Amino acid sequence: MAELEGLEFGKSDFVLLDEVTMEQFMENLKLRFEKGRIYTYIGEVVVSVNPYRQMDIYGKDTIDAYRGRELYENPPHLYAVSDAAYKAMKRRAKDTCIVISGESGAGKTEASKYIMQYIAAITNPSQRAEVESVKNVLLKSNCVLEAFGNAKTNRNDNSSRFGKYMDINFNFNGDPTGGHINNYLLEKSRVVQQQDGERNFHSFYQLLRGGSDEMLESFHLQNDAAAYIYTREGAAATTSNNDRSSHKAVMNALGVIGFSEEEISSIYQILASILLLGNIQFESDGENVQVLGQEAVKHISELTSTDPDSVTKSLLFRTVATGGGEVIEKGHSEQDACFGRDAFAKALYERLFGWIVSRINSIIEVKDYNPVLHGKNTVIGVLDIYGFEIFDNNSFEQFCINYCNEKLQQLFIELILQQEQGEYQREGITWQHIDYFNNQIIVDLVEQPHKGIISILDEACLSVGKVTDTVCLDSMDTKLSQHPHYTSRKLSPTDKTMDFQKHFRIRHYAGDVTYSVEGFLDKNKDLLFQDFKRLMYNSSNPVLKEMWPDGQLSITEVTKRPLTAATLFKNSIVALVDKLACKEPYYVRCIKPNEMKSPVLLDDARCQHQVAYLGLLENVMVRRAGFAYRQPYARFLQRYKMTCEYTWPNHLMGSDREAVEAIVTQHGFQDDVAYGHTKLFVRTPRSLFSLEQERAALIPILVLFLQKVWRGALARSRCRRMRAVYTIMGVYKRFKVKAHFWEVERRFAGVRTTADYGKSVDWPTPPAALSQFHNITLSPAARWWARQIVKNIPPSDMLEVRAKVSALTALSGERKDWGVGRAWERDYLANVRDSPQTSSGFIRVSKELKNKDEFSQILFSGSCRKVNRFNRSTDRSLVVTDKYIYKLEPKKQYKVLKKVPLDSFTGVSVTSGVDQMVALHTSSQDDVLLCLQRGELSPNQDRVGELVGSLVDHFTRSVIHQHLNISICSLTGCRFQVSACCFCKH
């Protein structure tokens, strides 16, 4: 049962019909056609109805849907049977074949294209160049063979006028490695004559309408099909094909396949020669026959690379050898000359077509194949051959075509019966005999030695003397008068649908066909004068020479009479049937729904006739043989196990067969089934439909249940994954923290013994979790390092060190030079080296002030210049103690000019330049502006930093914890900058 198709589309398998009758068969076929379902199964046979429109069912998505799937898993399709044949070939290393049959216009050629496209699409997944090359040749060969072997008929715009069987070779990987094409019975009579409304082969019109002006001029042709006798009949006939674009496609395909430019040119030169040959006319003066106009002969000789005189001679004379070995030239009558011209044209085209096929084969055939090295070489055959034909005038070609269909139908019935009977025997099921039409009697009527029609035709062709078609018909009437499937007007005088001495009728399995015997002998003899063969063999064109190997024989050489056309065709069909019989067959039966090529009309009478001659009803009967459906136990169980409580979701029985029995018993179908060794056989479709309906009702419930279970499983899986992730993250974070501490410990393990106490050691980059902790750790580490440095400083130097640290903190690098590189004396006025003339006087005055004001120490003293509000400056001395700041007059024995309590100062401002301007700010806004003076012995000393450091250090360590605001400003036009701020008491 194919998925995704409800009963509103009809039954997807004709085997499931309630009753096997023509009425039910046609009703189901028509319903599916109206619903756009052009494919229907008969078991593993695909019945295809030509839709006469483009259908979106052949794309990549469809190919993917059918790849590797069983037949019953998807709706019926060509891809399904193609995949089944490919799987059988690949899995079981068994040769398979796909037989496509049906009448002209039923869609056989298109079906073969889709089958080839599908096989090409599913093979060579690794895109190996050599395999892709083989696939391209196989696909492009269709385009070339259609151009040279197809034509427009009254029934089909692209009718195959030859039979084609293609073997595709595969290696053990299932990739195509080559192939071989066999062609059967090209309708070469179409080259010189067509029925009304039909055309010659596509290749002629493609050349005339698609060839470039330069090409046509070089071939002495004009862009007008009506200008040539052989294409004049079809010049006005329209087709759905564009000849110009088709010509470009064929030229491209020939190049892709591997034809050289010289070979392609030779092909179209031969086509041009045939067209020009058809325009040659003859005239007779009563005794001799002459060619009218030698220009065409010259063009033909040029295109065929032969001598013009030899061409003329071959057209007008026939060279024969007498019994005594004498060679004479026998002139043609005007009628014989025309006959010889047409025979030559037909032979040229037939040899050309055969050479093209053989050239393609030489390119794609598997060469130097060694099974030991490459594995078994398996084959898929694709047969696209003419369908049964019944025309108003049926000639020799229709006789051969219908004989071929009889032969293939016989093989089809035999193989289907054999397959069915073999399956029943393997499964231990009793075989029920099926009545079917055995057309072996018709096959014998045609091919039986000494008694068949082909033997009678051959005998007439070999007879000495004047043997006409009428004489041959009389011989057939005499020898076949008692045959139940043969009749003629002579044998049935009252049947006025036939004419005396013209018609005979064969009762085929597909219906009665009346044949006109006119031309039978000539077409069977397929005579071509040896002069033409020698002419072509002696051509300097290597392609033409290769086509005519039999032209090398001398006129005096005695050769065996060649086999007739009918015998050659019979032998090829027998060989084809033998080839198909040794392969596992798959079938595509094509049906033409109407004659108007309408996509909506299905002609019941026309389709019934095709169903009859394709033997589809017999196929359904054979397939059912008492049981409409059969399936291996495992597959049946897999599909229907949800309908039984004992088998869902998995059974606990001893075997799948017992589980299937439980399903059948629960539904009450015990009397409608039979159990084989590996398969279950269901007798009526009704049982299967009830199972399908119950399954269809349960599927949504099961889908929801499975979705729920699957979503829960996914959620639990995600939860476990997240827990695992967080566990790993936690462990990893702890490891990173520990690793950081280990690295810190390793790097700083010996810093106590190093000269710089680890100052040059770089801290490792901390993980993100420790970034804040790392920043906090740097402070105590810096303090430890400072402690290690400070503890080595003598106590006498500590005051200077603290002052320098304070200055560094306050100035923050805003002042380029602040005296950090020298020793700070602090009390410069008492320093004899700094002020040798005044130091003794200041020492005395400082002692008096210390006793008077009771300060503990002098923080800073030095010379300066005071600047007042009127911008006047005078020399002064500045003394900063731990209680007061004094401004002294050095010229008056250091008289105290001003004394300000130290705790009244709120800030100090200094400049960022090299000057030593200092502003002392007080809470009473009585600021002091002065410029420190450098020492007499050290004129480059900068004492701003020393003053600032002394004040900051004092205020930092003061008991009252006052804070001094230190600011850096520019007095030279730069912007005011605050470099350090100690919180002011205000």
# chains A, B, ... in the order shown; residues from 1 in each chain; ligands from 1
$ closest_atom_pairs --of "segment 420-527 of chain A" --to "segment 176-190 of chain A" --cutoff "12 Å" --atoms "only C-alpha atoms" --output "tab-separated table"
residue	atom	partner	partner_atom	distance
A:Gly519	CA	A:Ser189	CA	10.7
A:Phe520	CA	A:Ser189	CA	11.9
A:Asp522	CA	A:Ser189	CA	11.1
A:Lys523	CA	A:Ser189	CA	8.5
A:Asn524	CA	A:Leu185	CA	11.7
A:Asp526	CA	A:Ser189	CA	10.4
$ select_by_dssp --residues "segment 126-220 of chain A" --states "helix (DSSP H, G or I)" --output "PyMOL selection string"
chain A and resi 129-149+188-191+202-210+213-218
$ closest_residue --among "A:Ser305, A:Tyr230, A:Ile328, A:Glu130" --to "Lys346 of chain A" --atoms "only C-alpha atoms"
A:Tyr230
$ closest_residue --among "A:Ala235, A:Ile274, A:Ala830, A:Leu78" --to "Gly197 of chain A" --atoms "only C-alpha atoms"
A:Ala235
$ residues_around --residues "Arg67 of chain A" --least-positions-apart "5" --cutoff "10 Å" --atoms "only C-alpha atoms" --output "list in words"
Thr62, Tyr79, Ala80, Ser82, Asp83, Ala84, Tyr86, Lys87, Tyr118, Ile119, Ala121 and Ile122 of chain A
$ write_last_selection --atoms "N, CA and C atoms" --output "PDB file, in the first residue's frame"
ATOM      1  N   THR A  62      11.670  14.865  -5.091  1.00  0.00           N
ATOM      2  CA  THR A  62      11.001  13.600  -5.395  1.00  0.00           C
ATOM      3  C   THR A  62      12.023  12.474  -5.498  1.00  0.00           C
ATOM      4  N   TYR A  79      10.060   6.440 -10.557  1.00  0.00           N
ATOM      5  CA  TYR A  79      11.255   6.381  -9.723  1.00  0.00           C
ATOM      6  C   TYR A  79      11.229   5.162  -8.805  1.00  0.00           C
ATOM      7  N   ALA A  80      10.032   4.739  -8.404  1.00  0.00           N
ATOM      8  CA  ALA A  80       9.934   3.596  -7.502  1.00  0.00           C
ATOM      9  C   ALA A  80      10.408   2.319  -8.182  1.00  0.00           C
ATOM     10  N   SER A  82      12.313   2.201 -10.825  1.00  0.00           N
ATOM     11  CA  SER A  82      13.723   2.393 -11.136  1.00  0.00           C
ATOM     12  C   SER A  82      14.579   2.062  -9.917  1.00  0.00           C
ATOM     13  N   ASP A  83      14.140   2.524  -8.751  1.00  0.00           N
ATOM     14  CA  ASP A  83      14.906   2.247  -7.537  1.00  0.00           C
ATOM     15  C   ASP A  83      14.860   0.766  -7.187  1.00  0.00           C
ATOM     16  N   ALA A  84      13.715   0.118  -7.426  1.00  0.00           N
ATOM     17  CA  ALA A  84      13.610  -1.312  -7.162  1.00  0.00           C
ATOM     18  C   ALA A  84      14.578  -2.105  -8.039  1.00  0.00           C
ATOM     19  N   TYR A  86      17.326  -0.939  -9.399  1.00  0.00           N
ATOM     20  CA  TYR A  86      18.698  -0.597  -8.988  1.00  0.00           C
ATOM     21  C   TYR A  86      19.079  -1.333  -7.699  1.00  0.00           C
ATOM     22  N   LYS A  87      18.151  -1.392  -6.743  1.00  0.00           N
ATOM     23  CA  LYS A  87      18.453  -2.093  -5.484  1.00  0.00           C
ATOM     24  C   LYS A  87      18.663  -3.585  -5.723  1.00  0.00           C
ATOM     25  N   TYR A 118      16.911   9.380 -13.169  1.00  0.00           N
ATOM     26  CA  TYR A 118      16.891   8.925 -11.778  1.00  0.00           C
ATOM     27  C   TYR A 118      18.140   8.100 -11.456  1.00  0.00           C
ATOM     28  N   ILE A 119      18.488   7.180 -12.351  1.00  0.00           N
ATOM     29  CA  ILE A 119      19.675   6.355 -12.119  1.00  0.00           C
ATOM     30  C   ILE A 119      20.922   7.225 -12.056  1.00  0.00           C
ATOM     31  N   ALA A 121      21.002  10.319 -11.065  1.00  0.00           N
ATOM     32  CA  ALA A 121      20.961  11.161  -9.867  1.00  0.00           C
ATOM     33  C   ALA A 121      21.365  10.410  -8.606  1.00  0.00           C
ATOM     34  N   ILE A 122      21.080   9.101  -8.529  1.00  0.00           N
ATOM     35  CA  ILE A 122      21.333   8.372  -7.271  1.00  0.00           C
ATOM     36  C   ILE A 122      22.672   7.666  -7.268  1.00  0.00           C
TER      37      ILE A 122
END
$ residues_around --residues "Phe391 of chain A" --least-positions-apart "5" --cutoff "9 Å" --atoms "only C-alpha atoms" --output "list in words"
Gln398, Val513 and Thr514 of chain A
$ residues_around --residues "Asp196 of chain A" --least-positions-apart "3" --cutoff "12 Å" --atoms "only C-alpha atoms" --output "short mmCIF file (atom, residue, chain, number, x, y, z; two decimals) with N, CA and C atoms, in the first residue's frame"
data_model
loop_
_atom_site.label_atom_id
_atom_site.label_comp_id
_atom_site.auth_asym_id
_atom_site.auth_seq_id
_atom_site.Cartn_x
_atom_site.Cartn_y
_atom_site.Cartn_z
N LYS A 152 7.98 13.16 -36.37
CA LYS A 152 6.59 13.50 -36.08
C LYS A 152 5.68 12.58 -36.88
N THR A 153 4.73 11.96 -36.17
CA THR A 153 3.70 11.18 -36.84
C THR A 153 2.35 11.81 -36.51
N ASN A 154 1.32 11.24 -37.06
CA ASN A 154 -0.01 11.77 -36.78
C ASN A 154 -0.44 11.52 -35.35
N ARG A 155 0.26 10.63 -34.68
CA ARG A 155 -0.11 10.29 -33.31
C ARG A 155 0.82 10.92 -32.28
N ARG A 190 10.82 5.99 -44.14
CA ARG A 190 10.37 7.35 -43.87
C ARG A 190 11.30 8.38 -44.53
N GLN A 193 9.63 8.80 -48.02
CA GLN A 193 8.19 8.98 -48.16
C GLN A 193 7.54 9.00 -46.77
N ARG A 199 6.26 13.96 -40.72
CA ARG A 199 7.53 14.52 -41.14
C ARG A 199 8.57 13.42 -41.29
N ASN A 200 9.64 13.79 -41.97
CA ASN A 200 10.82 12.95 -42.02
C ASN A 200 11.48 12.97 -40.63
N THR A 231 11.78 16.11 -47.74
CA THR A 231 11.25 16.82 -46.56
C THR A 231 10.06 17.69 -46.91
N ARG A 232 9.65 17.68 -48.18
CA ARG A 232 8.58 18.57 -48.61
C ARG A 232 7.26 18.23 -47.94
N GLU A 233 6.96 16.95 -47.78
CA GLU A 233 5.67 16.53 -47.19
C GLU A 233 5.53 17.07 -45.77
N GLY A 234 6.63 17.07 -45.01
CA GLY A 234 6.54 17.49 -43.61
C GLY A 234 6.94 18.92 -43.36
N ALA A 235 7.20 19.70 -44.43
CA ALA A 235 7.66 21.07 -44.26
C ALA A 235 6.63 21.93 -43.53
N ALA A 236 5.35 21.68 -43.81
CA ALA A 236 4.29 22.49 -43.20
C ALA A 236 3.80 21.90 -41.89
N ALA A 237 4.22 20.68 -41.57
CA ALA A 237 3.75 20.03 -40.34
C ALA A 237 4.41 20.69 -39.14
#
